Each structure stands twice: as C-alpha cells, then as structure tokens.
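Take a look at the structure below.
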Amino acid sequence: MSLQSKLLKSELTTELDSILNYWSERTIDDQNGGFVGQIDFNDHIIANAEKGSVLNARILWTFSASYQITKNENHKKLAARAFEFLSAYFYDTQFGGLFWSINEDKTPKDTKNQIYALAFAIYGLSEYYVISKEEKALEIAKNLYQKIQEHSYDPVNKGYFEAFTRDWQPIEDLRLSAKDANEKKTMNTHLHIIEGYVNLYKVWKDEKLLEVIIELLETIEKYFINTKTGHLRLFFDENWKEKPDVISYGHDIEAAWLLQQCAEISGNETLIANYKKHAVQIAEATKEGLDTDGGLWYEYNPEKEELTAEKHWWPQAEALIGFYNAYQLTGKEEYLDIVYKNWKFIKKHIIDQQNGEWVWGVYPDYTAMKKDKAGFWKCPYHNGRACIELIQRIQD
C-alpha cells in the first residue's frame with residue numbers, strides 16, 4: 001500500500017469516527033424518543049420537527065454497519081435505539097407497511113407507503129440483524145419484502161411501482177420529492193430496492209428472494225443503464241416508456257459500484273461480468289461531471305445544456321467509492337488520482353471542520369448551501385458508507 005493510500009485510509013477512519021460522534025452527540029432526542037427530525041445549517045435543532053422513516057432507517061444501517069468496524073458498544077446501542085424506534089412507531093402493524101413520516105408525539109403524519117422508504121428499512125433492519133441477531137428485525141424486514149412483492153411488483157412488465165396509500169391503494173402523487181418527475185417507475189427506487197434485497201439475502205438465504213434479485217438486476221440492466229452514454233435513465237411509465245430527464249452524476253457513480261456489489265452477492269456469473277463492465281463505463285462517463293478542483297457537480301440537463309452548478313455532499317461520498325472501485329477493476333492510476341483529489345475537495349469544502357458532519361454542499365464560489373445538517377434527506381449513510389467501504393477496500 002502506498003503512503004498516500006495509507007494516509008487516505010487513516011483519515012477516513014478518523015472521519016468515520018467524527019461522523020458517528022456527531023450523530024451520537026447531536027441527534028439523540030431525549031424528549032420525544034429516537035433521533036431528532038431536523039438540524040439546520042447553523043446546527044440548531046428544529047424543535048418538534050416531523051421525523052422521516054428514511055432518516056431513521058439510514059441511521060439504523062449506519063450504526064449497525066459501523067459497529068462491525070469500530071466495535072464501539074455505544075454504536076451498537078444507538079443501532080438498537082434506531083431499531084426500537086422504527087419498529088415501534090414507523091412500522092405499520094395494521095397494514096404491514098411503513099409510515100413515510102411521524103409527528104413529534106410519535107403519531108403517524110404522512111402514512112403513504114413509499115417503496116423507497118420500505119427498501120431502506122429492509123437495508124437497515126437486515127444490517128442490524130447482523131450485529132444483534134434480533135429475530136424481530138429480520139421478521140419485519142421479511143414482511144416488508146413480502147409487501148413490496150405483493151403490491152409494488154409489476155408481474156406484466158417487471159420492475160416496481162413507486163408508492164401507495166397506507167392500505168396499498170393507488171396514489172396520485174408518486175414522487176419522492178418535489179424535484180422528481182411524477183412517474184411510476186424510477187431508477188432511484190429500483191437501485192435501493194436491490195440494495196435492500198441483497199442485504200436481506202446476506203442474512204436470509206431464501207431461494208425465491210435470490211430469483212427476485214437476479215430478475216431485478218436484469219431489469220435494471222435492460223432499462224436503466226444507457227450503454228451508449230454510460231449514464232442512467234431515471235424515469236419511466238409503467239410500460240417502460242422513458243421520460244428523459246437530467247444526468248445525475250451522483251446516482252451514476254453510486255450505481256456503478258453498488259450494482260456490481262449486488263451482482264457479486266447474487267453469485268450469477270453473467271451478471272457479475274456485465275456489471276463489472278458497467279461499473280467502469282459508468283465511472284468513465286461520470287468523469288464528465290468532475291470539476292478541476294476534484295469536486296463532482298450535481299446534475300446536467302442535456303436538453304437545455306444546463307449544469308446544476310452545485311456540489312452536494314452525497315455525490316462526493318459516492319465518487320470516493322465508485323472511482324476507487326473502477327481503480328480496483330482496471331488498475332488504472334487515473335481513477336485513484338480522482339479519489340485522492342475528490343477527498344482533498346471534501347476535506348477543504350464539504351466537511352464542517354468546526355461543528356462536525358458534512359455541509360449540504362457548496363456553490364461554484366465555495367459558499368456553503370444553507371440547508372440541513374440533519375433531516376429527511378441529510379443522513380449519515382452516504383458519507384458513513386464511503387468511509388466504511390474504503391476502509392475495507394484499501395488493503396494494509
């Protein structure tokens with residue numbers, strides 16, 4: 001291992017500890033239970049903010065996965081806290097789904113079943129099972145998987161529909177967030193369903209689940225990966241008619257390594273070979289979004305020829321893994337150089353050196369975007385996972 005790689009691994013180990021410390025010290029909600037729903041840009045806790053299931057599931061995953069590296073008993077306790085809160089207040093025992101959000105008094109707020117959220121719950125619960133052997137966690141994960149298969153799976157055209165009401169009826173607004181197209185099948189949700197399903201398969205070797213995983217990897221390859229451009233297609237109707245949209249550099253580079261990892265866990269040799277090729281092609285295409293300072297731009301609209309000139313925190317985290325993975329596949333030093341340069345950018349502009357955690361992002365002049373430090377979409381999952389993945393990948 002080179003000195004530069006050794007230093008990178010050391011710094012990422014320190015940064016993982018720093019991220020976990022922030023969430024351990026700043027986000028515990030002693031008044032209402034679980035974790036606070038929102039911390040603003042100035043590190044002020046927003047009193048009585050609603051709490052999102054995705055945030056809670058990602059906290060559950062992060063502390064469960066991190067404990068396997070840190071062996072810090074407090075991290076295990078916080079994973080248990082996240083599990084207990086999710087199972088008690090987000091999991092819908094009546095209809096078998098997951099509330100999108102709850103009020104500060106723990107009553108349901110938005111009761112829709114957004115499949116993206118169920119997928120993250122499966123991801124977090126199965127990771128928690130690894131460290132706890134808590135049968136209830138595995139049981140809920142299996143139940144959520146069965147509900148997705150029962151209600152969201154499209155037996156005619158394959159793939160998965162986005163969202164439903166609490167009692168699993170069709171819903172008009174399918175969007176994850178206001179910026180998304182209101183379409184029935186999206187790359188983002190499929191990416192995280194496969195992520196959750198594969199994590200579940202690691203602890204529950206069910207043959208039917210494996211068949212579902214293999215079919216889903218084939219579906220993603222067929223519809224979402226544009227092998228002409230190396231970018232992802234993002235939005236489709238139920239019949240797989242594409243609604244052209246932006247190039248999302250963060251999703252591109254995240255999918256590059258994550259789908260390859262999923263294929264490897266499936267054990268299907270054809271898919272493994274294919275997804276290794278996709279990982280390199282997508283990484284190569286993502287280079288279009290790199291700035292000279294090592295940061296990765298957010299999005300590009302090919303139709304309007306417009307760049308969203310922002311560098312958000314999470315694409316930087318995914319770039320670390322995706323380009324390191326491309327280096328591992330090819331041995332090309334240029335990918336490793338991108339990782340080093342991207343990490344340098346993160347340290348200088350994204351990590352909040354004063355208060356801990358990462359800022360939402362920066363504008364071209366490097367002023368920080370005044371958005372949440374913790375919230376519905378600001379979680380320890382992307383940056384925590386980047387640290388974990390590279391710590392494990394960089395060999396001593």
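Chain identifiers are assigned as A, B, and so on, following the order in which chains appear in the structure tokens; residues are numbered from 1 within each chain, and ligands are numbered from 1 in order of appearance.
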
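Near range 90-101 of chain A, within a cut-off of 6 Å and counting only C-alpha atoms, sit the residues Lys51, Gly52, Ser53, Leu86, Ser87, Lys109, Asp110, Thr111, Lys112, Asn113 and Asp167 of chain A, with same-chain residues fewer than 2 positions away left out.
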
Save the residues we just selected, N, CA and C atoms, as a PDB file, in the first residue's frame?
ATOM      1  N   LYS A  51     -40.472  13.506  11.815  1.00  0.00           N
ATOM      2  CA  LYS A  51     -39.364  12.557  11.658  1.00  0.00           C
ATOM      3  C   LYS A  51     -39.624  11.656  10.464  1.00  0.00           C
ATOM      4  N   GLY A  52     -38.623  11.504   9.632  1.00  0.00           N
ATOM      5  CA  GLY A  52     -38.761  10.718   8.417  1.00  0.00           C
ATOM      6  C   GLY A  52     -38.266   9.292   8.584  1.00  0.00           C
ATOM      7  N   SER A  53     -38.983   8.365   7.954  1.00  0.00           N
ATOM      8  CA  SER A  53     -38.598   6.950   8.042  1.00  0.00           C
ATOM      9  C   SER A  53     -37.264   6.681   7.354  1.00  0.00           C
ATOM     10  N   LEU A  86     -37.923   2.588  15.080  1.00  0.00           N
ATOM     11  CA  LEU A  86     -38.512   2.273  13.774  1.00  0.00           C
ATOM     12  C   LEU A  86     -39.592   1.207  13.910  1.00  0.00           C
ATOM     13  N   SER A  87     -39.301   0.154  14.673  1.00  0.00           N
ATOM     14  CA  SER A  87     -40.263  -0.951  14.790  1.00  0.00           C
ATOM     15  C   SER A  87     -41.502  -0.547  15.584  1.00  0.00           C
ATOM     16  N   LYS A 109     -47.835  10.795  10.595  1.00  0.00           N
ATOM     17  CA  LYS A 109     -48.108  12.068   9.904  1.00  0.00           C
ATOM     18  C   LYS A 109     -48.447  11.786   8.447  1.00  0.00           C
ATOM     19  N   ASP A 110     -47.437  11.402   7.660  1.00  0.00           N
ATOM     20  CA  ASP A 110     -47.681  11.016   6.264  1.00  0.00           C
ATOM     21  C   ASP A 110     -47.644   9.491   6.222  1.00  0.00           C
ATOM     22  N   THR A 111     -48.799   8.886   5.941  1.00  0.00           N
ATOM     23  CA  THR A 111     -48.907   7.425   6.063  1.00  0.00           C
ATOM     24  C   THR A 111     -48.707   6.675   4.747  1.00  0.00           C
ATOM     25  N   LYS A 112     -48.326   7.374   3.679  1.00  0.00           N
ATOM     26  CA  LYS A 112     -48.153   6.689   2.384  1.00  0.00           C
ATOM     27  C   LYS A 112     -47.049   5.638   2.472  1.00  0.00           C
ATOM     28  N   ASN A 113     -47.182   4.618   1.657  1.00  0.00           N
ATOM     29  CA  ASN A 113     -46.139   3.605   1.510  1.00  0.00           C
ATOM     30  C   ASN A 113     -45.277   3.960   0.302  1.00  0.00           C
ATOM     31  N   ASP A 167     -53.173   1.783   2.942  1.00  0.00           N
ATOM     32  CA  ASP A 167     -53.797   0.463   2.776  1.00  0.00           C
ATOM     33  C   ASP A 167     -53.559  -0.108   1.370  1.00  0.00           C
TER      34      ASP A 167
END

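When the distance limit is 8 Å and only C-alpha atoms are what count, the residues near range 155-158 of chain A, minus those fewer than 4 positions from it on the same chain, are Thr219, Glu238, Asn239 and Trp240 of chain A.
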
Fewer than 2 positions away in the same chain doesn't count, so skip those; otherwise give me all residues within 12 Å of Lys304 in chain A, counting only C-alpha atoms, as a PyMOL selection string. chain A and resi 244-247+299-302+306-308

Writing out the chosen residues with N, CA and C atoms as a compact mmCIF listing (two decimals), in the first residue's frame:
# COMPACT_ATOMS: atom_id res chain seq x y z
N PRO A 244 -37.36 11.42 -20.58
CA PRO A 244 -35.98 11.92 -20.49
C PRO A 244 -35.84 13.01 -19.43
N ASP A 245 -34.75 12.97 -18.71
CA ASP A 245 -34.53 13.90 -17.62
C ASP A 245 -33.05 14.25 -17.56
N VAL A 246 -32.61 14.69 -16.41
CA VAL A 246 -31.23 15.12 -16.23
C VAL A 246 -30.27 13.94 -16.15
N ILE A 247 -28.98 14.23 -16.27
CA ILE A 247 -27.92 13.29 -15.89
C ILE A 247 -27.61 13.57 -14.43
N GLU A 299 -25.92 17.86 -11.22
CA GLU A 299 -26.70 17.35 -12.35
C GLU A 299 -26.43 18.16 -13.61
N TYR A 300 -26.73 17.52 -14.73
CA TYR A 300 -26.62 18.21 -16.02
C TYR A 300 -27.86 17.89 -16.85
N ASN A 301 -28.44 18.92 -17.45
CA ASN A 301 -29.61 18.75 -18.32
C ASN A 301 -29.15 18.80 -19.77
N PRO A 302 -29.07 17.65 -20.45
CA PRO A 302 -28.57 17.62 -21.82
C PRO A 302 -29.45 18.40 -22.80
N GLU A 306 -27.71 22.64 -19.58
CA GLU A 306 -27.58 23.38 -18.33
C GLU A 306 -26.99 22.51 -17.24
N LEU A 307 -25.98 23.04 -16.57
CA LEU A 307 -25.38 22.39 -15.43
C LEU A 307 -26.00 22.94 -14.15
N THR A 308 -26.40 22.04 -13.24
CA THR A 308 -26.79 22.49 -11.90
C THR A 308 -25.49 22.70 -11.14

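Interatomic distance, CA of Ala141 in chain A against CA of Trp204 in chain A: 10.1 Å.
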
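One distance worth recording is that between CA of Phe83 in chain A and CA of Gln260 in chain A, which is 28.1 Å.
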
Near range 289-292 of chain A, within 12 Å and counting only C-alpha atoms, which residues show up once chain neighbours fewer than 4 positions away are dropped, as a PyMOL selection string? chain A and resi 231+247-253+282-285+296-301+307-311+315-316+319+323+335+338-339+341-342+344-345+364

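The residue that comes closest to Gly196 in chain A, out of A:Tyr153, A:Tyr123, A:Phe164, A:Tyr366 and on the basis of only C-alpha atoms, is A:Tyr123.
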
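These are the residues of range 208-346 of chain A assigned strand (DSSP E or B) by DSSP from backbone coordinates: Ile225, Leu232, Phe235, Phe236, Glu242, Ile247, Ser248, Leu290, Leu296, Glu299, Tyr300, Asn301, Glu306, Leu307, Thr308, Lys311 and His312 of chain A.
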
Residues from last step as file, N, CA, C and O atoms, as an mmCIF file, in the first residue's frame:
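After the write, selection_31.cif holds the following:
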data_model
loop_
_atom_site.group_PDB
_atom_site.id
_atom_site.type_symbol
_atom_site.label_atom_id
_atom_site.label_comp_id
_atom_site.auth_asym_id
_atom_site.auth_seq_id
_atom_site.Cartn_x
_atom_site.Cartn_y
_atom_site.Cartn_z
ATOM 1 N N ILE A 225 -29.767 1.329 -17.493
ATOM 2 C CA ILE A 225 -28.389 1.623 -17.891
ATOM 3 C C ILE A 225 -28.337 1.923 -19.387
ATOM 4 O O ILE A 225 -28.693 1.079 -20.218
ATOM 5 N N LEU A 232 -27.279 6.839 -16.475
ATOM 6 C CA LEU A 232 -28.509 6.149 -16.111
ATOM 7 C C LEU A 232 -29.724 6.863 -16.687
ATOM 8 O O LEU A 232 -29.742 8.092 -16.779
ATOM 9 N N PHE A 235 -36.409 8.016 -15.274
ATOM 10 C CA PHE A 235 -37.863 7.961 -15.076
ATOM 11 C C PHE A 235 -38.562 7.255 -16.243
ATOM 12 O O PHE A 235 -38.248 7.503 -17.406
ATOM 13 N N PHE A 236 -39.546 6.389 -15.871
ATOM 14 C CA PHE A 236 -40.318 5.641 -16.864
ATOM 15 C C PHE A 236 -41.786 5.566 -16.444
ATOM 16 O O PHE A 236 -42.108 5.657 -15.257
ATOM 17 N N GLU A 242 -39.645 5.868 -21.539
ATOM 18 C CA GLU A 242 -38.800 6.787 -20.769
ATOM 19 C C GLU A 242 -39.317 8.214 -20.826
ATOM 20 O O GLU A 242 -39.775 8.681 -21.870
ATOM 21 N N ILE A 247 -28.979 14.233 -16.267
ATOM 22 C CA ILE A 247 -27.923 13.290 -15.892
ATOM 23 C C ILE A 247 -27.612 13.570 -14.429
ATOM 24 O O ILE A 247 -27.290 14.697 -14.056
ATOM 25 N N SER A 248 -27.772 12.547 -13.588
ATOM 26 C CA SER A 248 -27.475 12.694 -12.166
ATOM 27 C C SER A 248 -26.131 12.028 -11.881
ATOM 28 O O SER A 248 -26.041 10.805 -11.796
ATOM 29 N N LEU A 290 -16.876 15.915 -13.279
ATOM 30 C CA LEU A 290 -15.822 16.338 -12.349
ATOM 31 C C LEU A 290 -15.328 17.742 -12.680
ATOM 32 O O LEU A 290 -15.068 18.061 -13.842
ATOM 33 N N LEU A 296 -17.444 16.836 -7.596
ATOM 34 C CA LEU A 296 -18.378 16.322 -8.601
ATOM 35 C C LEU A 296 -19.628 17.191 -8.620
ATOM 36 O O LEU A 296 -20.284 17.379 -7.594
ATOM 37 N N GLU A 299 -25.919 17.859 -11.222
ATOM 38 C CA GLU A 299 -26.701 17.350 -12.346
ATOM 39 C C GLU A 299 -26.426 18.156 -13.612
ATOM 40 O O GLU A 299 -26.004 19.307 -13.543
ATOM 41 N N TYR A 300 -26.734 17.522 -14.735
ATOM 42 C CA TYR A 300 -26.618 18.208 -16.024
ATOM 43 C C TYR A 300 -27.856 17.886 -16.853
ATOM 44 O O TYR A 300 -28.277 16.725 -16.933
ATOM 45 N N ASN A 301 -28.441 18.922 -17.453
ATOM 46 C CA ASN A 301 -29.608 18.752 -18.316
ATOM 47 C C ASN A 301 -29.152 18.800 -19.773
ATOM 48 O O ASN A 301 -28.852 19.878 -20.294
ATOM 49 N N GLU A 306 -27.709 22.637 -19.579
ATOM 50 C CA GLU A 306 -27.576 23.379 -18.325
ATOM 51 C C GLU A 306 -26.986 22.507 -17.237
ATOM 52 O O GLU A 306 -27.447 21.381 -17.003
ATOM 53 N N LEU A 307 -25.982 23.042 -16.573
ATOM 54 C CA LEU A 307 -25.377 22.385 -15.425
ATOM 55 C C LEU A 307 -26.004 22.938 -14.149
ATOM 56 O O LEU A 307 -26.151 24.154 -14.000
ATOM 57 N N THR A 308 -26.397 22.043 -13.244
ATOM 58 C CA THR A 308 -26.788 22.487 -11.900
ATOM 59 C C THR A 308 -25.487 22.701 -11.137
ATOM 60 O O THR A 308 -24.864 21.744 -10.683
ATOM 61 N N LYS A 311 -22.297 21.461 -5.765
ATOM 62 C CA LYS A 311 -21.596 20.216 -5.416
ATOM 63 C C LYS A 311 -22.144 19.740 -4.075
ATOM 64 O O LYS A 311 -21.737 20.231 -3.028
ATOM 65 N N HIS A 312 -23.107 18.819 -4.147
ATOM 66 C CA HIS A 312 -23.740 18.313 -2.938
ATOM 67 C C HIS A 312 -22.841 17.286 -2.258
ATOM 68 O O HIS A 312 -21.989 16.674 -2.893
#

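The residue that comes closest to Ile171 in chain A, out of A:Thr367, A:Gln146, A:Gln261, A:Gln114 and on the basis of only C-alpha atoms, is A:Gln114.
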
Show me, as an MDAnalysis selection string, the residues that have an atom within 12 Å of Ile46 in chain A when counting only C-alpha atoms, minus same-chain residues fewer than 3 positions from it. chainID A and resid 26:27 29 35:43 49:51 104 372:375

Mind writing the picked residues with C-alpha atoms as a tab-separated table (two decimals), in the first residue's frame?
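Below you can see part.tsv, which holds the result:
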chain	number	residue	atom	x	y	z
A	26	ARG	CA	-26.17	15.95	18.45
A	27	THR	CA	-29.15	13.92	17.28
A	29	ASP	CA	-34.00	13.09	21.06
A	35	PHE	CA	-33.50	10.84	16.94
A	36	VAL	CA	-34.30	14.48	16.19
A	37	GLY	CA	-36.07	15.14	12.92
A	38	GLN	CA	-34.06	18.14	11.75
A	39	ILE	CA	-30.91	20.17	12.46
A	40	ASP	CA	-30.49	23.31	10.38
A	41	PHE	CA	-27.42	24.74	8.68
A	42	ASN	CA	-26.41	26.62	11.85
A	43	ASP	CA	-26.53	23.38	13.85
A	49	ALA	CA	-39.81	18.62	13.57
A	50	GLU	CA	-41.52	15.68	11.91
A	51	LYS	CA	-39.36	12.56	11.66
A	104	GLU	CA	-43.06	14.71	17.30
A	372	ASP	CA	-29.97	20.92	6.76
A	373	LYS	CA	-27.11	19.24	8.58
A	374	ALA	CA	-29.59	16.51	9.54
A	375	GLY	CA	-33.07	15.91	8.22

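You can rank A:Ile115, A:Ser64, A:Leu259, A:Thr229 by their closest distance to Glu288 in chain A using only C-alpha atoms, and at the top of that list sits A:Thr229.
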
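Using only C-alpha atoms, the shortest contact distance between Ile148 in chain A and any of A:Tyr197, A:Tyr129, A:Leu217, A:Val362 is found at A:Tyr197.
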
As a ChimeraX atom specification, list the residues of range 96-225 of chain A assigned to helix (DSSP H, G or I) by DSSP on the backbone atoms of this structure. /A:115-132,135-152,187-203,207-223
